[in-house]
$ cat structure_25.tsv   # TSV, C-alpha atoms (C1' of nucleotides)
chain	number	residue	atom	x	y	z
A	429	MET	CA	-43.78	4.66	-18.45
A	430	PRO	CA	-43.13	5.47	-22.10
A	431	THR	CA	-39.78	4.61	-23.68
A	432	PRO	CA	-37.46	7.44	-24.78
A	433	SER	CA	-38.59	6.87	-28.33
A	434	ALA	CA	-42.27	7.04	-27.39
A	435	GLU	CA	-41.55	10.30	-25.57
A	436	ASP	CA	-40.06	11.76	-28.74
A	437	TYR	CA	-43.19	10.92	-30.67
A	438	LEU	CA	-45.45	12.43	-28.01
A	439	GLU	CA	-43.41	15.62	-27.95
A	440	ARG	CA	-43.54	16.02	-31.73
A	441	ILE	CA	-47.24	15.29	-31.91
A	442	TYR	CA	-47.84	17.89	-29.24
A	443	GLU	CA	-45.74	20.48	-31.03
A	444	LEU	CA	-47.36	19.81	-34.38
A	445	ILE	CA	-50.83	20.16	-32.91
A	446	GLN	CA	-49.79	23.41	-31.27
A	447	GLN	CA	-48.22	24.76	-34.45
A	448	LYS	CA	-50.57	23.54	-37.17
A	449	GLY	CA	-53.66	22.43	-35.29
A	450	TYR	CA	-53.22	18.80	-36.32
A	451	ALA	CA	-50.54	16.14	-36.54
A	452	ARG	CA	-50.07	14.12	-39.71
A	453	VAL	CA	-48.11	10.94	-40.05
A	454	ILE	CA	-45.92	12.44	-42.72
A	455	ASP	CA	-44.96	15.45	-40.64
A	456	ILE	CA	-44.15	13.34	-37.60
A	457	ALA	CA	-42.05	11.10	-39.82
A	458	SER	CA	-40.08	13.89	-41.42
A	459	SER	CA	-39.40	15.76	-38.20
A	460	LEU	CA	-38.24	12.59	-36.42
A	461	LYS	CA	-36.40	11.42	-39.53
A	462	VAL	CA	-38.04	8.04	-39.68
A	463	GLN	CA	-40.23	6.38	-42.30
A	464	SER	CA	-43.97	6.89	-42.08
A	465	SER	CA	-44.48	3.17	-41.54
A	466	SER	CA	-42.53	3.52	-38.31
A	467	VAL	CA	-44.84	6.34	-37.27
A	468	THR	CA	-47.96	4.28	-37.90
A	469	LYS	CA	-46.52	1.49	-35.83
A	470	MET	CA	-45.70	3.76	-32.92
A	471	LEU	CA	-49.13	5.41	-33.10
A	472	GLN	CA	-50.74	2.02	-32.70
A	473	LYS	CA	-48.58	1.32	-29.70
A	474	LEU	CA	-49.32	4.72	-28.14
A	475	ASP	CA	-53.03	4.29	-28.79
A	476	ASN	CA	-52.86	0.96	-27.00
A	477	GLU	CA	-51.27	2.66	-24.04
A	478	SER	CA	-53.95	5.35	-24.10
A	479	LEU	CA	-51.47	8.13	-24.73
A	480	VAL	CA	-52.88	9.08	-28.11
A	481	LYS	CA	-56.26	8.60	-29.67
A	482	TYR	CA	-55.60	7.24	-33.13
A	483	GLU	CA	-58.18	6.50	-35.78
A	484	LYS	CA	-56.45	5.11	-38.81
A	485	TYR	CA	-56.58	7.25	-41.95
A	486	ARG	CA	-58.33	9.83	-39.77
A	487	GLY	CA	-56.79	11.81	-36.99
A	488	ILE	CA	-54.32	11.82	-34.18
A	489	THR	CA	-54.98	13.50	-30.84
A	490	LEU	CA	-53.28	13.27	-27.49
A	491	THR	CA	-55.17	11.94	-24.49
A	492	PRO	CA	-54.89	14.07	-21.33
A	493	HIS	CA	-52.27	11.65	-20.05
A	494	GLY	CA	-50.35	11.73	-23.32
A	495	GLU	CA	-50.49	15.49	-23.39
A	496	ALA	CA	-49.21	15.74	-19.84
A	497	ILE	CA	-46.23	13.60	-20.74
A	498	ALA	CA	-45.61	15.56	-23.92
A	499	GLN	CA	-45.60	18.81	-22.00
A	500	SER	CA	-43.15	17.63	-19.42
A	501	VAL	CA	-40.84	16.19	-22.08
A	502	LYS	CA	-40.96	19.46	-23.99
A	503	ASN	CA	-40.26	21.30	-20.81
A	504	ARG	CA	-37.24	19.16	-20.00
A	505	HIS	CA	-36.03	19.57	-23.54
A	506	HIS	CA	-36.33	23.32	-23.28
A	507	LYS	CA	-34.57	23.46	-19.91
A	508	LEU	CA	-31.57	21.63	-21.23
A	509	GLU	CA	-31.41	23.78	-24.33
A	510	GLU	CA	-31.48	26.87	-22.18
A	511	LEU	CA	-28.66	25.58	-20.00
A	512	LEU	CA	-26.36	24.61	-22.84
A	513	LYS	CA	-27.12	27.87	-24.58
A	514	ILE	CA	-26.23	29.97	-21.59
A	515	LEU	CA	-23.04	27.97	-21.16
A	516	GLY	CA	-22.12	28.80	-24.73
A	517	VAL	CA	-22.47	25.45	-26.48
A	518	ASP	CA	-23.13	25.91	-30.20
A	519	GLU	CA	-26.64	25.38	-31.56
A	520	VAL	CA	-25.97	22.27	-33.59
A	521	THR	CA	-24.35	20.49	-30.67
A	522	ILE	CA	-27.15	21.62	-28.38
A	523	GLN	CA	-29.77	20.01	-30.60
A	524	LYS	CA	-27.79	16.81	-30.96
A	525	ASP	CA	-27.00	16.42	-27.28
A	526	VAL	CA	-30.38	17.40	-25.92
A	527	GLU	CA	-31.99	14.74	-28.12
A	528	GLY	CA	-29.70	12.20	-26.57
A	529	ILE	CA	-29.95	13.04	-22.90
A	530	GLU	CA	-33.32	14.60	-22.29
A	531	HIS	CA	-34.93	11.27	-21.48
A	532	HIS	CA	-32.48	10.36	-18.81
A	533	LEU	CA	-32.43	13.12	-16.21
A	534	SER	CA	-34.11	12.93	-12.83
A	535	PRO	CA	-36.47	15.71	-11.79
A	536	SER	CA	-34.07	16.62	-8.99
A	537	THR	CA	-31.11	16.94	-11.35
A	538	LEU	CA	-33.23	18.99	-13.68
A	539	ALA	CA	-34.28	21.25	-10.85
A	540	CYS	CA	-30.64	21.75	-10.07
A	541	LEU	CA	-29.75	22.63	-13.65
A	542	ARG	CA	-32.73	24.95	-13.81
A	543	ASP	CA	-31.41	26.74	-10.73
A	544	LEU	CA	-28.01	26.96	-12.36
A	545	VAL	CA	-29.62	28.71	-15.31
A	546	SER	CA	-31.51	31.18	-13.18
A	547	PHE	CA	-28.41	31.80	-11.11
A	548	LEU	CA	-26.32	32.63	-14.17
A	549	GLN	CA	-29.14	34.74	-15.58
A	550	GLU	CA	-29.56	36.74	-12.43
A	551	ASP	CA	-25.88	37.10	-11.68
A	552	PRO	CA	-24.28	38.49	-14.85
A	553	HIS	CA	-21.03	38.89	-12.99
A	554	ALA	CA	-20.81	35.14	-12.36
A	555	LEU	CA	-21.70	34.40	-15.96
A	556	ARG	CA	-19.07	36.77	-17.25
A	557	ALA	CA	-16.52	35.22	-14.90
A	558	PHE	CA	-17.38	31.79	-16.26
A	559	LYS	CA	-17.07	32.90	-19.88
A	560	GLU	CA	-13.74	34.48	-19.09
A	561	HIS	CA	-12.59	31.33	-17.31
A	562	ARG	CA	-13.64	29.29	-20.30
A	563	ARG	CA	-11.88	31.60	-22.72
A	564	THR	CA	-8.60	31.40	-20.86
A	565	HIS	CA	-8.75	27.62	-20.53
A	566	GLN	CA	-9.75	27.00	-24.10
A	567	GLN	CA	-6.35	26.73	-25.70
A	568	ALA	CA	-5.06	24.26	-23.13
A	569	ALA	CA	-8.18	22.15	-23.55
A	570	GLU	CA	-7.90	22.00	-27.33
A	571	ASN	CA	-4.40	20.61	-27.09
A	572	THR	CA	-5.25	17.93	-24.57
A	573	ALA	CA	-6.48	14.61	-25.86
A	574	ASP	CA	-9.41	13.12	-24.03
A	575	ASN	CA	-9.80	15.57	-21.24
B	1463	MET	CA	-18.58	3.14	-33.04
B	1464	PRO	CA	-19.73	1.01	-30.11
B	1465	THR	CA	-23.33	1.24	-28.91
B	1466	PRO	CA	-24.05	2.72	-25.46
B	1467	SER	CA	-24.46	-0.78	-24.13
B	1468	ALA	CA	-21.14	-1.91	-25.56
B	1469	GLU	CA	-19.51	1.12	-23.95
B	1470	ASP	CA	-20.88	0.06	-20.58
B	1471	TYR	CA	-19.35	-3.36	-20.95
B	1472	LEU	CA	-15.98	-1.95	-21.99
B	1473	GLU	CA	-15.97	0.42	-19.04
B	1474	ARG	CA	-16.77	-2.35	-16.55
B	1475	ILE	CA	-14.20	-4.71	-18.01
B	1476	TYR	CA	-11.61	-1.98	-17.78
B	1477	GLU	CA	-12.49	-1.21	-14.17
B	1478	LEU	CA	-12.50	-4.88	-13.16
B	1479	ILE	CA	-9.09	-5.44	-14.71
B	1480	GLN	CA	-7.77	-2.38	-12.91
B	1481	GLN	CA	-9.27	-3.43	-9.59
B	1482	LYS	CA	-8.76	-7.19	-9.58
B	1483	GLY	CA	-6.32	-7.83	-12.37
B	1484	TYR	CA	-8.86	-9.80	-14.42
B	1485	ALA	CA	-12.47	-9.61	-15.57
B	1486	ARG	CA	-14.78	-12.56	-15.13
B	1487	VAL	CA	-18.11	-13.05	-16.82
B	1488	ILE	CA	-19.86	-13.37	-13.50
B	1489	ASP	CA	-18.47	-10.08	-12.16
B	1490	ILE	CA	-19.33	-8.18	-15.31
B	1491	ALA	CA	-22.82	-9.64	-15.15
B	1492	SER	CA	-23.44	-8.74	-11.54
B	1493	SER	CA	-22.09	-5.21	-11.82
B	1494	LEU	CA	-24.15	-4.48	-14.95
B	1495	LYS	CA	-27.13	-6.34	-13.51
B	1496	VAL	CA	-27.59	-8.64	-16.47
B	1497	GLN	CA	-27.45	-12.41	-16.81
B	1498	SER	CA	-24.13	-14.03	-17.58
B	1499	SER	CA	-25.46	-15.31	-20.88
B	1500	SER	CA	-25.91	-11.71	-21.95
B	1501	VAL	CA	-22.30	-11.03	-21.05
B	1502	THR	CA	-21.04	-13.95	-23.12
B	1503	LYS	CA	-23.02	-12.72	-26.06
B	1504	MET	CA	-21.65	-9.19	-25.79
B	1505	LEU	CA	-18.09	-10.49	-25.38
B	1506	GLN	CA	-18.43	-12.35	-28.64
B	1507	LYS	CA	-19.65	-9.21	-30.32
B	1508	LEU	CA	-16.86	-7.09	-28.85
B	1509	ASP	CA	-14.29	-9.70	-29.83
B	1510	ASN	CA	-15.61	-9.55	-33.36
B	1511	GLU	CA	-15.16	-5.82	-33.37
B	1512	SER	CA	-11.62	-6.23	-32.00
B	1513	LEU	CA	-12.38	-4.31	-28.84
B	1514	VAL	CA	-11.75	-7.23	-26.51
B	1515	LYS	CA	-9.71	-10.36	-26.90
B	1516	TYR	CA	-11.96	-13.17	-25.74
B	1517	GLU	CA	-11.01	-16.83	-25.44
B	1518	LYS	CA	-13.99	-18.76	-24.27
B	1519	TYR	CA	-13.72	-20.35	-20.84
B	1520	ARG	CA	-10.38	-18.60	-20.62
B	1521	GLY	CA	-9.78	-14.92	-20.30
B	1522	ILE	CA	-10.94	-11.48	-21.29
B	1523	THR	CA	-8.57	-8.66	-22.14
B	1524	LEU	CA	-9.08	-5.32	-23.81
B	1525	THR	CA	-7.38	-4.57	-27.09
B	1526	PRO	CA	-5.59	-1.21	-27.26
B	1527	HIS	CA	-8.58	0.20	-29.13
B	1528	GLY	CA	-11.04	-1.23	-26.61
B	1529	GLU	CA	-9.00	0.11	-23.75
B	1530	ALA	CA	-8.87	3.56	-25.30
B	1531	ILE	CA	-12.64	3.61	-25.58
B	1532	ALA	CA	-13.05	2.29	-22.05
B	1533	GLN	CA	-10.84	5.05	-20.71
B	1534	SER	CA	-12.67	7.80	-22.48
B	1535	VAL	CA	-16.04	6.45	-21.36
B	1536	LYS	CA	-14.81	6.24	-17.79
B	1537	ASN	CA	-13.49	9.75	-18.11
B	1538	ARG	CA	-16.80	11.10	-19.37
B	1539	HIS	CA	-18.57	9.25	-16.60
B	1540	HIS	CA	-16.28	10.78	-14.03
B	1541	LYS	CA	-16.65	14.29	-15.44
B	1542	LEU	CA	-20.41	14.15	-15.19
B	1543	GLU	CA	-20.29	12.77	-11.69
B	1544	GLU	CA	-18.01	15.58	-10.69
B	1545	LEU	CA	-20.31	18.20	-12.16
B	1546	LEU	CA	-23.46	16.91	-10.53
B	1547	LYS	CA	-21.62	16.49	-7.26
B	1548	ILE	CA	-20.37	20.06	-7.23
B	1549	LEU	CA	-23.86	21.27	-8.08
B	1550	GLY	CA	-25.18	19.41	-5.06
B	1551	VAL	CA	-27.15	16.56	-6.62
B	1552	ASP	CA	-27.44	13.63	-4.24
B	1553	GLU	CA	-25.29	10.53	-4.80
B	1554	VAL	CA	-28.06	8.12	-5.72
B	1555	THR	CA	-29.47	10.47	-8.35
B	1556	ILE	CA	-25.98	11.14	-9.69
B	1557	GLN	CA	-25.37	7.45	-10.30
B	1558	LYS	CA	-28.75	6.95	-11.92
B	1559	ASP	CA	-28.54	9.98	-14.19
B	1560	VAL	CA	-24.94	9.57	-15.23
B	1561	GLU	CA	-25.66	6.02	-16.38
B	1562	GLY	CA	-28.40	7.39	-18.57
B	1563	ILE	CA	-26.71	10.33	-20.19
B	1564	GLU	CA	-23.01	9.62	-20.34
B	1565	HIS	CA	-23.25	8.05	-23.77
B	1566	HIS	CA	-24.97	10.98	-25.36
B	1567	LEU	CA	-22.82	14.05	-24.84
B	1568	SER	CA	-20.61	15.64	-27.47
B	1569	PRO	CA	-16.98	16.27	-26.68
B	1570	SER	CA	-17.61	20.00	-27.00
B	1571	THR	CA	-20.47	19.94	-24.50
B	1572	LEU	CA	-18.36	17.88	-22.18
B	1573	ALA	CA	-15.53	20.33	-22.49
B	1574	CYS	CA	-17.95	23.05	-21.54
B	1575	LEU	CA	-19.20	21.20	-18.50
B	1576	ARG	CA	-15.62	20.43	-17.52
B	1577	ASP	CA	-14.88	24.16	-17.65
B	1578	LEU	CA	-17.93	24.81	-15.53
B	1579	VAL	CA	-16.57	22.44	-12.92
B	1580	SER	CA	-13.14	24.01	-12.90
B	1581	PHE	CA	-14.70	27.46	-12.77
B	1582	LEU	CA	-16.79	26.60	-9.73
B	1583	GLN	CA	-13.82	24.89	-8.10
B	1584	GLU	CA	-11.51	27.83	-8.62
B	1585	ASP	CA	-14.06	30.48	-7.74
B	1586	PRO	CA	-15.51	29.52	-4.36
B	1587	HIS	CA	-17.36	32.80	-4.25
B	1588	ALA	CA	-19.36	31.91	-7.35
B	1589	LEU	CA	-20.04	28.43	-6.02
B	1590	ARG	CA	-21.24	29.83	-2.71
B	1591	ALA	CA	-23.45	32.31	-4.55
B	1592	PHE	CA	-24.98	29.48	-6.55
B	1593	LYS	CA	-25.65	27.38	-3.46
B	1594	GLU	CA	-27.25	30.36	-1.81
B	1595	HIS	CA	-29.34	31.07	-4.89
B	1596	ARG	CA	-30.43	27.46	-4.93
B	1597	ARG	CA	-31.31	27.49	-1.24
B	1598	THR	CA	-33.51	30.55	-1.57
B	1599	HIS	CA	-35.29	29.21	-4.66
B	1600	GLN	CA	-35.84	25.77	-3.25
B	1601	GLN	CA	-39.17	26.26	-1.54
B	1602	ALA	CA	-40.75	27.88	-4.56
B	1603	ALA	CA	-39.51	25.08	-6.78
B	1604	GLU	CA	-40.92	22.37	-4.55
B	1605	ASN	CA	-44.38	23.88	-4.75
B	1606	THR	CA	-44.35	24.27	-8.50
B	1607	ALA	CA	-45.52	21.36	-10.61
B	1608	ASP	CA	-43.44	20.50	-13.64
B	1609	ASN	CA	-41.01	23.36	-13.68
C	951	DA	C1'	-9.27	-39.28	-9.91
C	952	DA	C1'	-14.20	-38.91	-9.51
C	953	DA	C1'	-18.09	-36.16	-8.02
C	954	DG	C1'	-20.27	-32.08	-7.08
C	955	DA	C1'	-20.27	-27.15	-7.29
C	956	DT	C1'	-19.37	-23.04	-9.78
C	957	DA	C1'	-18.73	-20.64	-13.96
C	958	DG	C1'	-19.41	-20.05	-18.72
C	959	DT	C1'	-21.77	-21.06	-23.10
C	960	DT	C1'	-25.37	-22.04	-26.43
C	961	DA	C1'	-29.93	-22.14	-28.30
C	962	DG	C1'	-33.95	-20.17	-28.72
C	963	DC	C1'	-37.18	-16.90	-27.12
C	964	DT	C1'	-38.85	-11.80	-26.09
C	965	DA	C1'	-39.49	-6.66	-26.99
C	966	DT	C1'	-38.17	-2.33	-29.11
C	967	DA	C1'	-37.72	0.19	-33.06
C	968	DG	C1'	-36.17	0.81	-37.20
C	969	DC	C1'	-36.48	-0.44	-42.48
C	970	DT	C1'	-38.52	-1.72	-47.48
C	971	DA	C1'	-42.04	-3.12	-50.52
C	972	DA	C1'	-46.66	-3.58	-51.60
C	973	DG	C1'	-51.11	-2.17	-51.39
C	974	DA	C1'	-55.28	0.56	-49.54
C	975	DA	C1'	-57.60	4.98	-48.48
C	976	DA	C1'	-58.30	9.87	-49.24
C	977	DG	C1'	-58.29	13.93	-51.78
C	978	DG	C1'	-57.88	17.00	-56.00
C	979	DG	C1'	-58.08	17.96	-61.10
C	980	DG	C1'	-59.93	17.22	-65.21
D	790	DC	C1'	-67.22	10.85	-61.17
D	791	DC	C1'	-63.11	8.67	-62.18
D	792	DC	C1'	-58.21	8.74	-62.21
D	793	DC	C1'	-53.84	9.97	-60.27
D	794	DT	C1'	-51.13	11.49	-56.64
D	795	DT	C1'	-50.28	11.70	-52.00
D	796	DT	C1'	-50.75	9.77	-47.67
D	797	DC	C1'	-51.22	5.99	-44.76
D	798	DT	C1'	-51.14	1.13	-43.45
D	799	DT	C1'	-49.71	-3.65	-43.41
D	800	DA	C1'	-46.58	-7.44	-43.74
D	801	DG	C1'	-42.42	-9.07	-43.13
D	802	DC	C1'	-37.61	-8.28	-42.50
D	803	DT	C1'	-33.29	-6.42	-39.66
D	804	DA	C1'	-30.41	-5.44	-35.49
D	805	DT	C1'	-29.78	-4.70	-30.54
D	806	DA	C1'	-29.96	-6.50	-26.24
D	807	DG	C1'	-32.10	-8.59	-22.91
D	808	DC	C1'	-34.05	-13.23	-20.84
D	809	DT	C1'	-34.50	-18.62	-19.44
D	810	DA	C1'	-33.29	-23.30	-19.79
D	811	DA	C1'	-30.18	-26.66	-20.91
D	812	DC	C1'	-25.71	-27.95	-21.48
D	813	DT	C1'	-20.44	-27.88	-21.08
D	814	DA	C1'	-16.14	-26.72	-18.99
D	815	DT	C1'	-13.41	-25.81	-15.08
D	816	DC	C1'	-12.32	-25.95	-10.34
D	817	DT	C1'	-12.55	-27.84	-5.70
D	818	DT	C1'	-12.96	-31.17	-2.46
D	819	DT	C1'	-12.59	-35.47	-0.79

$ encode --input "structure_25.tsv" --output "structure tokens"
Amino acid sequence: MPTPSAEDYLERIYELIQQKGYARVIDIASSLKVQSSSVTKMLQKLDNESLVKYEKYRGITLTPHGEAIAQSVKNRHHKLEELLKILGVDEVTIQKDVEGIEHHLSPSTLACLRDLVSFLQEDPHALRAFKEHRRTHQQAAENTADN
Amino acid sequence: MPTPSAEDYLERIYELIQQKGYARVIDIASSLKVQSSSVTKMLQKLDNESLVKYEKYRGITLTPHGEAIAQSVKNRHHKLEELLKILGVDEVTIQKDVEGIEHHLSPSTLACLRDLVSFLQEDPHALRAFKEHRRTHQQAAENTADN
DNA sequence: AAAGATAGTTAGCTATAGCTAAGAAAGGGG
DNA sequence: CCCCTTTCTTAGCTATAGCTAACTATCTTT
């Protein structure tokens, strides 16, 4: 099993290949906010684990296994984003939090959260009720330390 | 700011002191599933950061700052447990997932999830509707790879 | 009070994953 | 086609946080 950090790299490589057709060290580095030397190192590790095919100074591609992992990580990532968005968390916080937690949720928990999303999407009344509940509780919450 | 691992130690020390009146290296080690040498090492680090008061071979207490952190970590932990429980995630998965994600959520996201819990608690109709939604979508979900 | 058992500590090792600095490879402009 | 810039790689360092093995302190039991 890849580490959380390895998963991040796989996801970015996958996205870059989708978007631009290829993944360069420098682009991976800048989007993950690490130095390119760190990217090279991770690529060597991922190549060793047969998750990417890496020819130095040449190209980077995902193996079928690596791509499968990348897709499921991206999917998880997207699910969480969707949930926090529908619950009304602001964009910046969503990005920050999803980065942190996406590697740690069980498939069954994710399925549950996915169902929560579809429930709130398909039942606008419930969603409105939640937003209203949240609005009315907001002031109290803001004045309570460590709730 | 303490690392996620340091937070775990603080939380356990706090809980042990609450439960038994004192925290021993061996109990911290067994509950975190690490070796006692790892506990000693972390205690020295936490003492350095003034989060615990550690006298070797003697006792372990939390400083006010350490205790404040421990309480808020425990609180976060509890909030997440509560959410997953109300959503119907099974106990084993709850424990596993909460361990993984509790260190990574923003206060604002947590506030949002807290409101979701109180909403579902105070609106049994919505909760029932969600459970029903989940029940009817279950079969489809089980037969879908990587949703 | 001494001996043995339990608990705690230290030293030194591992792996992950970042960094900087230095240098090599590739690519584009003159 | 050679030079310069950009990109990439390597080497060697850091910190975190785990581990084992060896040792020390404390406690218990006789």

$ interface_residues --input "structure_25.tsv" --of "chain A" --to "chain B" --cutoff "6 Å" --atoms "all atoms listed in the file" --output "ChimeraX atom specification"
/A:525,528-529,532-533,543,562

$ interface_residues --input "structure_25.tsv" --of "chain C" --to "chain A" --cutoff "9 Å" --atoms "all atoms listed in the file" --output "list in words"
DT966, DA967, DG968, DC969, DA975 and DA976 of chain C

$ residues_near_point --input "structure_25.tsv" --point "(-27.0, -28.3, -29.7)" --cutoff "9 Å" --atoms "all atoms listed in the file" --output "ChimeraX atom specification"
/C:960-961 /D:812

$ closest_residue --input "structure_25.tsv" --among "B:Lys1515, B:Lys1482, B:His1540, B:Lys1507" --to "DA806 (chain D)" --atoms "only C-alpha atoms (C1' of nucleotides)"
B:Lys1507

$ axis_aligned_box --input "structure_25.tsv" --around "region 973-978 of chain C" --padding-each-side "6 Å" --output "AutoDock Vina command-line options"
--center_x -54.7 --center_y 7.4 --center_z -52.2 --size_x 19.2 --size_y 31.2 --size_z 19.5

$ residues_near_point --input "structure_25.tsv" --point "(-55.5, 10.1, -29.3)" --cutoff "9 Å" --atoms "only C-alpha atoms (C1' of nucleotides)" --output "list in words"
Leu471, Leu474, Asp475, Ser478, Leu479, Val480, Lys481, Tyr482, Glu483, Gly487, Ile488, Thr489, Leu490, Thr491, Pro492 and Gly494 of chain A

$ closest_atom_pairs --input "structure_25.tsv" --of "chain D" --to "chain B" --cutoff "8 Å" --atoms "only C-alpha atoms (C1' of nucleotides)" --output "JSON lines"
{"residue": "D:DA806", "atom": "C1'", "partner": "B:Ser1500", "partner_atom": "CA", "distance": 7.9}
{"residue": "D:DG807", "atom": "C1'", "partner": "B:Ser1500", "partner_atom": "CA", "distance": 7.0}
{"residue": "D:DC808", "atom": "C1'", "partner": "B:Gln1497", "partner_atom": "CA", "distance": 7.8}
{"residue": "D:DA814", "atom": "C1'", "partner": "B:Tyr1519", "partner_atom": "CA", "distance": 7.1}
{"residue": "D:DT815", "atom": "C1'", "partner": "B:Tyr1519", "partner_atom": "CA", "distance": 7.9}

$ residues_around --input "structure_25.tsv" --residues "region 1485-1488 of chain B" --least-positions-apart "4" --cutoff "6 Å" --atoms "only C-alpha atoms (C1' of nucleotides)" --output "MDAnalysis selection string"
chainID B and resid 1475 1478:1479 1498

$ write_last_selection --input "structure_25.tsv" --atoms "C-alpha atoms" --output "PDB file, in the frame of the given file"
ATOM      1  CA  ILE B1475     -14.200  -4.710 -18.010  1.00  0.00           C
ATOM      2  CA  LEU B1478     -12.500  -4.880 -13.160  1.00  0.00           C
ATOM      3  CA  ILE B1479      -9.090  -5.440 -14.710  1.00  0.00           C
ATOM      4  CA  SER B1498     -24.130 -14.030 -17.580  1.00  0.00           C
TER       5      SER B1498
END

$ atom_distance --input "structure_25.tsv" --atom1 "CA of Asp455 (chain A)" --atom2 "C1' of DC797 (chain D)"
12.1 Å

$ residues_around --input "structure_25.tsv" --residues "DG977 (chain C)" --least-positions-apart "2" --cutoff "10 Å" --atoms "all atoms listed in the file" --output "count of residues only"
4

$ closest_residue --input "structure_25.tsv" --among "D:DT805, D:DT798, D:DT813, D:DT818" --to "DA972 (chain C)" --atoms "all atoms listed in the file"
D:DT798

$ atom_distance --input "structure_25.tsv" --atom1 "C1' of DT964 (chain C)" --atom2 "C1' of DA810 (chain D)"
14.2 Å

$ atom_distance --input "structure_25.tsv" --atom1 "CA of Gln447 (chain A)" --atom2 "CA of Glu435 (chain A)"
18.2 Å

$ decode --input "structure_25.tsv" --residues "region 790-818 of chain D" --atoms "C-alpha atoms (C1' of nucleotides)" --output "mmCIF file, in the first residue's frame"
data_model
loop_
_atom_site.group_PDB
_atom_site.id
_atom_site.type_symbol
_atom_site.label_atom_id
_atom_site.label_comp_id
_atom_site.auth_asym_id
_atom_site.auth_seq_id
_atom_site.Cartn_x
_atom_site.Cartn_y
_atom_site.Cartn_z
ATOM 1 C "C1'" DC D 790 26.803 23.660 -33.675
ATOM 2 C "C1'" DC D 791 27.823 25.664 -29.478
ATOM 3 C "C1'" DC D 792 26.323 28.177 -25.545
ATOM 4 C "C1'" DC D 793 22.964 29.350 -22.128
ATOM 5 C "C1'" DT D 794 18.917 28.485 -19.744
ATOM 6 C "C1'" DT D 795 15.834 25.409 -17.917
ATOM 7 C "C1'" DT D 796 14.960 21.069 -16.132
ATOM 8 C "C1'" DC D 797 16.310 17.130 -13.773
ATOM 9 C "C1'" DT D 798 19.239 14.278 -10.828
ATOM 10 C "C1'" DT D 799 22.435 13.129 -7.179
ATOM 11 C "C1'" DA D 800 24.582 13.493 -2.755
ATOM 12 C "C1'" DG D 801 24.230 14.482 1.628
ATOM 13 C "C1'" DC D 802 21.824 16.713 5.287
ATOM 14 C "C1'" DT D 803 17.491 17.406 8.588
ATOM 15 C "C1'" DA D 804 13.487 16.011 11.535
ATOM 16 C "C1'" DT D 805 9.893 12.784 12.985
ATOM 17 C "C1'" DA D 806 8.847 8.665 14.932
ATOM 18 C "C1'" DG D 807 9.173 4.203 15.170
ATOM 19 C "C1'" DC D 808 12.108 -0.165 16.556
ATOM 20 C "C1'" DT D 809 15.543 -3.555 19.361
ATOM 21 C "C1'" DA D 810 18.956 -4.477 22.686
ATOM 22 C "C1'" DA D 811 21.229 -3.345 26.653
ATOM 23 C "C1'" DC D 812 21.204 -1.149 30.793
ATOM 24 C "C1'" DT D 813 19.341 1.212 35.149
ATOM 25 C "C1'" DA D 814 15.977 2.208 38.588
ATOM 26 C "C1'" DT D 815 12.220 0.904 41.382
ATOM 27 C "C1'" DC D 816 9.286 -2.270 43.604
ATOM 28 C "C1'" DT D 817 8.130 -6.708 45.648
ATOM 29 C "C1'" DT D 818 8.932 -10.706 47.910
#
